[in-house]
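So the structure is just underneath, and the comments pick up after that.
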Amino acid sequence: MAESRQTKDEQPTRVPSEEHEHLGKLADELSRYDVRADVVEGESPCLRVSNPSSACAVEDVICERREHDYAFIASFGVHLGGSGSLGVTAHKVAWLVGAVEA
């Protein structure tokens with residue numbers, strides 16, 4: 001019986017998706033606000049944004065492919081912006097977690 005070249009302890013190398021890359025760019029844009037933004041891996045990656053000033057202020061943002069760009073969607077289904085407007089989208093996300101005023 002042939003054995004796999006991959007040992008039990010090795011995990012398959014995962015290539016970041018385009019959605020993951022766009023979430024990373026949004027996280028970079030959010031660095032100017034006083035929030036924490038981490039890409040959470042999974043079947044469908046999301047950006048978990050939290051306000052350190054409030055234990056309850058956490059929002060998971062997903063990224064979806066659209067016809068001409070990528071859309072950022074809040075956990076409750078509201079469109080926050082697109083990959084072409086990272087600054088505006090970051091401001092909206094920061095507002096959602098209470099880091100800025102409208």
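Starting from 1 in every chain, residues are counted up; chains themselves are A, B, ... following the order of the structure tokens, and ligands are numbered from 1 as listed.
Residues of chain A that DSSP, applied to the backbone, places in strand (DSSP E or B): Arg36, Ala37, Asp38, Val39, Val40, Cys46, Leu47, Arg48, Val49, Ser50, Val58, Glu59, Asp60, Val61, Ile62, Cys63, Glu64, Arg65, Tyr70, Ala71, Phe72, Ile73, His79, Leu80, Gly81 and Gly82 of chain A.
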Check your understanding: If we count only C-alpha atoms, what is near Glu29 of chain A at a cut-off of 9 Å, once residues fewer than 4 positions away on the same chain are taken out, given as a list of chain:residue names?
Key ->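 Counting only C-alpha atoms, the residues come to A:Gly24, A:Lys25, A:Tyr33, A:Leu86, A:Gly87, A:Thr89, A:Ala90, A:His91.
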Output file for the residues above (C-alpha atoms, as an mmCIF file, in the first residue's frame):
data_model
loop_
_atom_site.group_PDB
_atom_site.id
_atom_site.type_symbol
_atom_site.label_atom_id
_atom_site.label_comp_id
_atom_site.auth_asym_id
_atom_site.auth_seq_id
_atom_site.Cartn_x
_atom_site.Cartn_y
_atom_site.Cartn_z
ATOM 1 C CA GLY A 24 -6.344 42.041 4.362
ATOM 2 C CA LYS A 25 -6.356 45.334 2.465
ATOM 3 C CA TYR A 33 -8.601 53.699 13.533
ATOM 4 C CA LEU A 86 -11.467 51.048 0.987
ATOM 5 C CA GLY A 87 -11.225 54.354 2.887
ATOM 6 C CA THR A 89 -15.613 51.264 3.795
ATOM 7 C CA ALA A 90 -13.094 51.321 6.649
ATOM 8 C CA HIS A 91 -14.775 54.413 8.104
#
Would you list, as a PDB file with N, CA and C atoms, in the first residue's frame, the residues of chain A that end up in alpha helix (DSSP H) under DSSP run on this structure's backbone?
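Result saved to part-v1.pdb:
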ATOM      1  N   GLU A  18      -8.735  35.395  -3.206  1.00  0.00           N
ATOM      2  CA  GLU A  18      -8.793  36.825  -3.529  1.00  0.00           C
ATOM      3  C   GLU A  18      -9.598  37.553  -2.463  1.00  0.00           C
ATOM      4  N   GLU A  19     -10.637  36.908  -1.940  1.00  0.00           N
ATOM      5  CA  GLU A  19     -11.427  37.519  -0.873  1.00  0.00           C
ATOM      6  C   GLU A  19     -10.546  37.789   0.343  1.00  0.00           C
ATOM      7  N   HIS A  20      -9.697  36.816   0.684  1.00  0.00           N
ATOM      8  CA  HIS A  20      -8.773  36.953   1.811  1.00  0.00           C
ATOM      9  C   HIS A  20      -7.860  38.150   1.592  1.00  0.00           C
ATOM     10  N   GLU A  21      -7.352  38.302   0.378  1.00  0.00           N
ATOM     11  CA  GLU A  21      -6.467  39.421   0.070  1.00  0.00           C
ATOM     12  C   GLU A  21      -7.180  40.757   0.229  1.00  0.00           C
ATOM     13  N   HIS A  22      -8.426  40.849  -0.214  1.00  0.00           N
ATOM     14  CA  HIS A  22      -9.176  42.100  -0.077  1.00  0.00           C
ATOM     15  C   HIS A  22      -9.514  42.387   1.388  1.00  0.00           C
ATOM     16  N   LEU A  23      -9.798  41.355   2.151  1.00  0.00           N
ATOM     17  CA  LEU A  23     -10.030  41.550   3.584  1.00  0.00           C
ATOM     18  C   LEU A  23      -8.767  42.060   4.259  1.00  0.00           C
ATOM     19  N   GLY A  24      -7.615  41.560   3.828  1.00  0.00           N
ATOM     20  CA  GLY A  24      -6.344  42.041   4.362  1.00  0.00           C
ATOM     21  C   GLY A  24      -6.109  43.511   4.046  1.00  0.00           C
ATOM     22  N   LYS A  25      -6.488  43.922   2.844  1.00  0.00           N
ATOM     23  CA  LYS A  25      -6.356  45.334   2.465  1.00  0.00           C
ATOM     24  C   LYS A  25      -7.276  46.208   3.305  1.00  0.00           C
ATOM     25  N   LEU A  26      -8.483  45.713   3.577  1.00  0.00           N
ATOM     26  CA  LEU A  26      -9.399  46.469   4.433  1.00  0.00           C
ATOM     27  C   LEU A  26      -8.843  46.549   5.854  1.00  0.00           C
ATOM     28  N   ALA A  27      -8.251  45.471   6.329  1.00  0.00           N
ATOM     29  CA  ALA A  27      -7.628  45.475   7.656  1.00  0.00           C
ATOM     30  C   ALA A  27      -6.509  46.517   7.717  1.00  0.00           C
ATOM     31  N   ASP A  28      -5.712  46.603   6.662  1.00  0.00           N
ATOM     32  CA  ASP A  28      -4.652  47.617   6.608  1.00  0.00           C
ATOM     33  C   ASP A  28      -5.247  49.019   6.678  1.00  0.00           C
ATOM     34  N   GLU A  29      -6.336  49.230   5.967  1.00  0.00           N
ATOM     35  CA  GLU A  29      -6.991  50.545   5.963  1.00  0.00           C
ATOM     36  C   GLU A  29      -7.568  50.868   7.347  1.00  0.00           C
ATOM     37  N   LEU A  30      -8.025  49.845   8.050  1.00  0.00           N
ATOM     38  CA  LEU A  30      -8.587  50.046   9.394  1.00  0.00           C
ATOM     39  C   LEU A  30      -7.517  50.345  10.433  1.00  0.00           C
ATOM     40  N   LEU A  86     -11.902  51.583  -0.310  1.00  0.00           N
ATOM     41  CA  LEU A  86     -11.467  51.048   0.987  1.00  0.00           C
ATOM     42  C   LEU A  86     -11.543  52.070   2.115  1.00  0.00           C
ATOM     43  N   GLY A  87     -11.199  53.329   1.843  1.00  0.00           N
ATOM     44  CA  GLY A  87     -11.225  54.354   2.887  1.00  0.00           C
ATOM     45  C   GLY A  87     -12.620  54.585   3.434  1.00  0.00           C
ATOM     46  N   VAL A  88     -13.582  54.699   2.544  1.00  0.00           N
ATOM     47  CA  VAL A  88     -14.974  54.909   2.953  1.00  0.00           C
ATOM     48  C   VAL A  88     -15.495  53.680   3.691  1.00  0.00           C
ATOM     49  N   THR A  89     -15.166  52.511   3.172  1.00  0.00           N
ATOM     50  CA  THR A  89     -15.613  51.264   3.795  1.00  0.00           C
ATOM     51  C   THR A  89     -15.017  51.120   5.188  1.00  0.00           C
ATOM     52  N   ALA A  90     -13.744  51.410   5.344  1.00  0.00           N
ATOM     53  CA  ALA A  90     -13.094  51.321   6.649  1.00  0.00           C
ATOM     54  C   ALA A  90     -13.758  52.261   7.644  1.00  0.00           C
ATOM     55  N   HIS A  91     -14.106  53.458   7.208  1.00  0.00           N
ATOM     56  CA  HIS A  91     -14.775  54.413   8.104  1.00  0.00           C
ATOM     57  C   HIS A  91     -16.124  53.852   8.569  1.00  0.00           C
ATOM     58  N   LYS A  92     -16.872  53.245   7.645  1.00  0.00           N
ATOM     59  CA  LYS A  92     -18.170  52.662   8.005  1.00  0.00           C
ATOM     60  C   LYS A  92     -18.010  51.526   9.015  1.00  0.00           C
ATOM     61  N   VAL A  93     -17.007  50.690   8.809  1.00  0.00           N
ATOM     62  CA  VAL A  93     -16.777  49.582   9.730  1.00  0.00           C
ATOM     63  C   VAL A  93     -16.354  50.108  11.098  1.00  0.00           C
ATOM     64  N   ALA A  94     -15.476  51.099  11.117  1.00  0.00           N
ATOM     65  CA  ALA A  94     -15.060  51.712  12.385  1.00  0.00           C
ATOM     66  C   ALA A  94     -16.261  52.324  13.108  1.00  0.00           C
ATOM     67  N   TRP A  95     -17.161  52.926  12.359  1.00  0.00           N
ATOM     68  CA  TRP A  95     -18.381  53.493  12.939  1.00  0.00           C
ATOM     69  C   TRP A  95     -19.254  52.386  13.535  1.00  0.00           C
ATOM     70  N   LEU A  96     -19.358  51.264  12.829  1.00  0.00           N
ATOM     71  CA  LEU A  96     -20.182  50.148  13.312  1.00  0.00           C
ATOM     72  C   LEU A  96     -19.729  49.652  14.682  1.00  0.00           C
TER      73      LEU A  96
END
Review point. Which of these residues is nearest to Asn51 of chain A, using only C-alpha atoms: A:Val97, A:Val78, A:Cys63, A:Ala37?
Key: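 Of A:Val97, A:Val78, A:Cys63, A:Ala37, the one nearest Asn51 of chain A, counting only C-alpha atoms, is A:Val97.
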**Study point:** Straight-line distance linking atom CA of Gly42 of chain A with atom CA of Ser17 of chain A, stated in Å to one decimal
**Key:**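 So the two atoms, atom CA of Gly42 of chain A and atom CA of Ser17 of chain A, lie 11.0 Å apart.
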Review point. Between atom CA of Asp60 of chain A and atom CA of Glu101 of chain A, what is the spacing in Å?
Key: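 Those two atoms sit 19.4 Å apart.
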